[in-house]
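Have a look at the structure below, then the notes.
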Amino acid sequence: MELLLNIIYIYIAVYSVYFLVLAIRNLNDRKFRIQQKYNDFNFQNNFCLIIYSHNNEATLDALVKQLKLQTYPREKFSTYVILDNCQDNSEKLFINDDFLQIFSIKNQETVGKDQAISILLEKLSSIQNCSAFVFLDANRFVETDFLDNVNSALIDSPIISGTTILVGENLSLRKKIKVVFHKYYTNFLQKSRSLAGLATTIDSDILIMNQEIIENIGCIDFQNINTELKYSLLLSRIGFKCVFNPNVKTYIDVDSFDLK
């Protein structure tokens, strides 16, 4: 019994020190504030935006409109939309729209984000002018400086996991708790780990990866939270540490967001 109590005590002590270090490191986020205030435009990456959608007609239309309003040079990014067995009017939204390219998958059932993106990446493997891929879910919203912040964030790391901000009105108590917990997870745990130089878990809903990573790994693994965790560990092991960056912001309605 005494041995068990000693083990529990050591466990609690180690985690207490760990969270204390994170709390202290989180007090100084000057790095991120400077990065957002002084975007570095000395080098502008060529981005390939890949948006995954499954029956997200309304939010997909809004997201594409927001991307068209980006302050980032239009010639520096291309947009690809995956429609995974969509039963709504998503495919009709962008007829004769040369801003984006549609990759439509029509099956009896959805193939899922992981397989759909893998198929598209294989088709895009011959693109020579793509510096980095930006993966977004179609239920997200972005501000006009989204790609500017992505470009600046890539200076620090070749793989970036962005932040998700939950929005909504007249929230129930359960949803308010959900929002508060997510803020704690992103603004404290994720942010302080990045400031401390520690790797974070990838988030395939808002993820930026240099093309060289895709070329070296040869695959992505976005099936679920468990595979994303394993993929994060694999990337860290081969020298591609995922870094969380709070300046790379996306927004989502709290009703559409699932805690990971």
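In the structure tokens, the first chain shown is A, the next is B, and so on; residue numbers restart at 1 for each chain, and ligands run from 1 in the order shown.
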
Could you make a table, as JSON lines, of the residues of segment 128-174 of chain A that have an atom within 6 Å of an atom of segment 237-254 of chain A, each with its nearest atom pair and distance in Å to one decimal, counting only C-alpha atoms, in chain and number order?
{"residue": "A:Arg140", "atom": "CA", "partner": "A:Ile252", "partner_atom": "CA", "distance": 5.1}
{"residue": "A:Phe141", "atom": "CA", "partner": "A:Tyr251", "partner_atom": "CA", "distance": 4.9}
{"residue": "A:Val142", "atom": "CA", "partner": "A:Thr250", "partner_atom": "CA", "distance": 5.1}
{"residue": "A:Asn149", "atom": "CA", "partner": "A:Val248", "partner_atom": "CA", "distance": 5.7}
{"residue": "A:Val150", "atom": "CA", "partner": "A:Val248", "partner_atom": "CA", "distance": 5.9}
{"residue": "A:Ile159", "atom": "CA", "partner": "A:Cys242", "partner_atom": "CA", "distance": 5.1}
{"residue": "A:Ile160", "atom": "CA", "partner": "A:Val243", "partner_atom": "CA", "distance": 5.0}
{"residue": "A:Ser161", "atom": "CA", "partner": "A:Phe244", "partner_atom": "CA", "distance": 4.7}
{"residue": "A:Gly162", "atom": "CA", "partner": "A:Val248", "partner_atom": "CA", "distance": 4.8}
{"residue": "A:Thr163", "atom": "CA", "partner": "A:Lys249", "partner_atom": "CA", "distance": 5.1}
{"residue": "A:Thr164", "atom": "CA", "partner": "A:Thr250", "partner_atom": "CA", "distance": 5.1}
{"residue": "A:Ile165", "atom": "CA", "partner": "A:Tyr251", "partner_atom": "CA", "distance": 4.7}
{"residue": "A:Leu166", "atom": "CA", "partner": "A:Val254", "partner_atom": "CA", "distance": 5.1}
{"residue": "A:Val167", "atom": "CA", "partner": "A:Asp253", "partner_atom": "CA", "distance": 5.0}
{"residue": "A:Gly168", "atom": "CA", "partner": "A:Asp253", "partner_atom": "CA", "distance": 5.7}

Where does DSSP see alpha helix (DSSP H) in segment 92-147 of chain A, if you list the residues as a VMD selection string? chain A and resid 92 to 93 113 to 124 146 to 147

Which of A:Ser157, A:Asn226, A:Ser53, A:Ser256 sits closest to Val111 of chain A [using only C-alpha atoms]: A:Ser53

Restricting the calculation to only C-alpha atoms, which member of A:Ser152, A:Thr186, A:Ser131, A:Ser118 is positioned closest to Asp203 of chain A?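 When distances to Asp203 of chain A are compared using only C-alpha atoms, the smallest one comes from A:Thr186.
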
Give the answer as one residue: which of A:Ala199, A:Leu154, A:Leu83, A:Leu171 has the shortest atom-to-atom distance to Asp137 of chain A, using only C-alpha atoms?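 Ranking A:Ala199, A:Leu154, A:Leu83, A:Leu171 by distance to Asp137 of chain A, first place goes to A:Leu83.
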
Could you give me, as a CSV table (one decimal) with N, CA and C atoms, in the first residue's frame, the residues within 12 Å of Ala58 of chain A, counting only C-alpha atoms and dropping anything in the same chain fewer than 5 positions from it?
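selection_25.csv was written with the following content:
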chain,number,residue,atom,x,y,z
A,53,SER,N,-15.1,18.5,-47.7
A,53,SER,CA,-16.5,18.8,-47.4
A,53,SER,C,-17.3,17.6,-47.6
A,63,LEU,N,-16.9,29.9,-46.8
A,63,LEU,CA,-15.5,29.8,-46.7
A,63,LEU,C,-14.8,30.2,-48.0
A,64,VAL,N,-15.3,29.8,-49.1
A,64,VAL,CA,-14.7,30.1,-50.4
A,64,VAL,C,-14.8,31.6,-50.6
A,65,LYS,N,-15.9,32.2,-50.2
A,65,LYS,CA,-16.0,33.7,-50.4
A,65,LYS,C,-15.0,34.4,-49.5
A,88,ASP,N,-26.1,17.4,-51.0
A,88,ASP,CA,-26.7,18.7,-51.1
A,88,ASP,C,-26.4,19.4,-52.4
A,89,ASN,N,-26.4,20.7,-52.4
A,89,ASN,CA,-26.1,21.4,-53.7
A,89,ASN,C,-24.7,21.9,-53.8
A,90,SER,N,-23.8,21.3,-53.1
A,90,SER,CA,-22.4,21.8,-53.0
A,90,SER,C,-21.8,21.9,-54.4
A,91,GLU,N,-22.1,20.9,-55.2
A,91,GLU,CA,-21.4,20.8,-56.6
A,91,GLU,C,-21.9,21.9,-57.5
A,93,LEU,N,-22.6,25.0,-56.6
A,93,LEU,CA,-22.2,26.3,-56.1
A,93,LEU,C,-21.2,27.0,-56.9
A,138,ALA,N,-14.5,22.1,-44.3
A,138,ALA,CA,-15.4,23.1,-45.0
A,138,ALA,C,-16.4,23.8,-44.0
A,139,ASN,N,-16.4,23.3,-42.7
A,139,ASN,CA,-17.2,23.9,-41.7
A,139,ASN,C,-16.5,25.1,-41.0
A,140,ARG,N,-15.4,25.5,-41.5
A,140,ARG,CA,-14.6,26.6,-40.9
A,140,ARG,C,-14.9,27.9,-41.5
A,141,PHE,N,-14.5,29.0,-40.8
A,141,PHE,CA,-14.5,30.3,-41.3
A,141,PHE,C,-13.2,30.9,-41.0

If you count only C-alpha atoms, which residues fall within 12 Å of Ile117 of chain A, apart from same-chain ones fewer than 6 positions away, as an NGL selection string? :A and (49-53 or 80-84 or 103-105 or 111 or 123-125 or 133-137 or 204-205 or 214 or 219-223)

d(atom CA of Ile127 of chain A, atom CA of Asn42 of chain A) in Å: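 We find that atom CA of Ile127 of chain A and atom CA of Asn42 of chain A lie 23.0 Å from each other.
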
To one decimal place in Å, what is the distance between atom CA of Arg174 of chain A and atom CA of Thr59 of chain A?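 Interatomic distance, atom CA of Arg174 of chain A to atom CA of Thr59 of chain A: 23.7 Å.
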
Smallest atom-to-atom distance to Phe146 of chain A: which of A:Asn56, A:Asn85, A:Ser236, A:Gln66, using only C-alpha atoms?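 Closest candidate: A:Gln66.
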
From a DSSP calculation on the backbone, collect every residue of segment 47-258 of chain A in strand (DSSP E) and output the set as an MDAnalysis selection string. chainID A and resid 47:53 77:84 100:105 132:137 159:167 206:210 243:253

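Excluding Phe77 of chain A itself and same-chain residues fewer than 3 positions from it, the residues having an atom within 8 Å of it are Asn46, Phe47, Cys48, Leu49, Pro73 and Arg74 of chain A, counting only C-alpha atoms.
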
With distances taken over only C-alpha atoms, which residue among A:Gln115, A:Lys175, A:Asn210, A:Lys260 lies nearest Ile155 of chain A? A:Asn210

Take atom CA of Leu229 of chain A and atom CA of Thr79 of chain A and report the distance between them in Å, one decimal.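 Separation between atom CA of Leu229 of chain A and atom CA of Thr79 of chain A: 26.8 Å.
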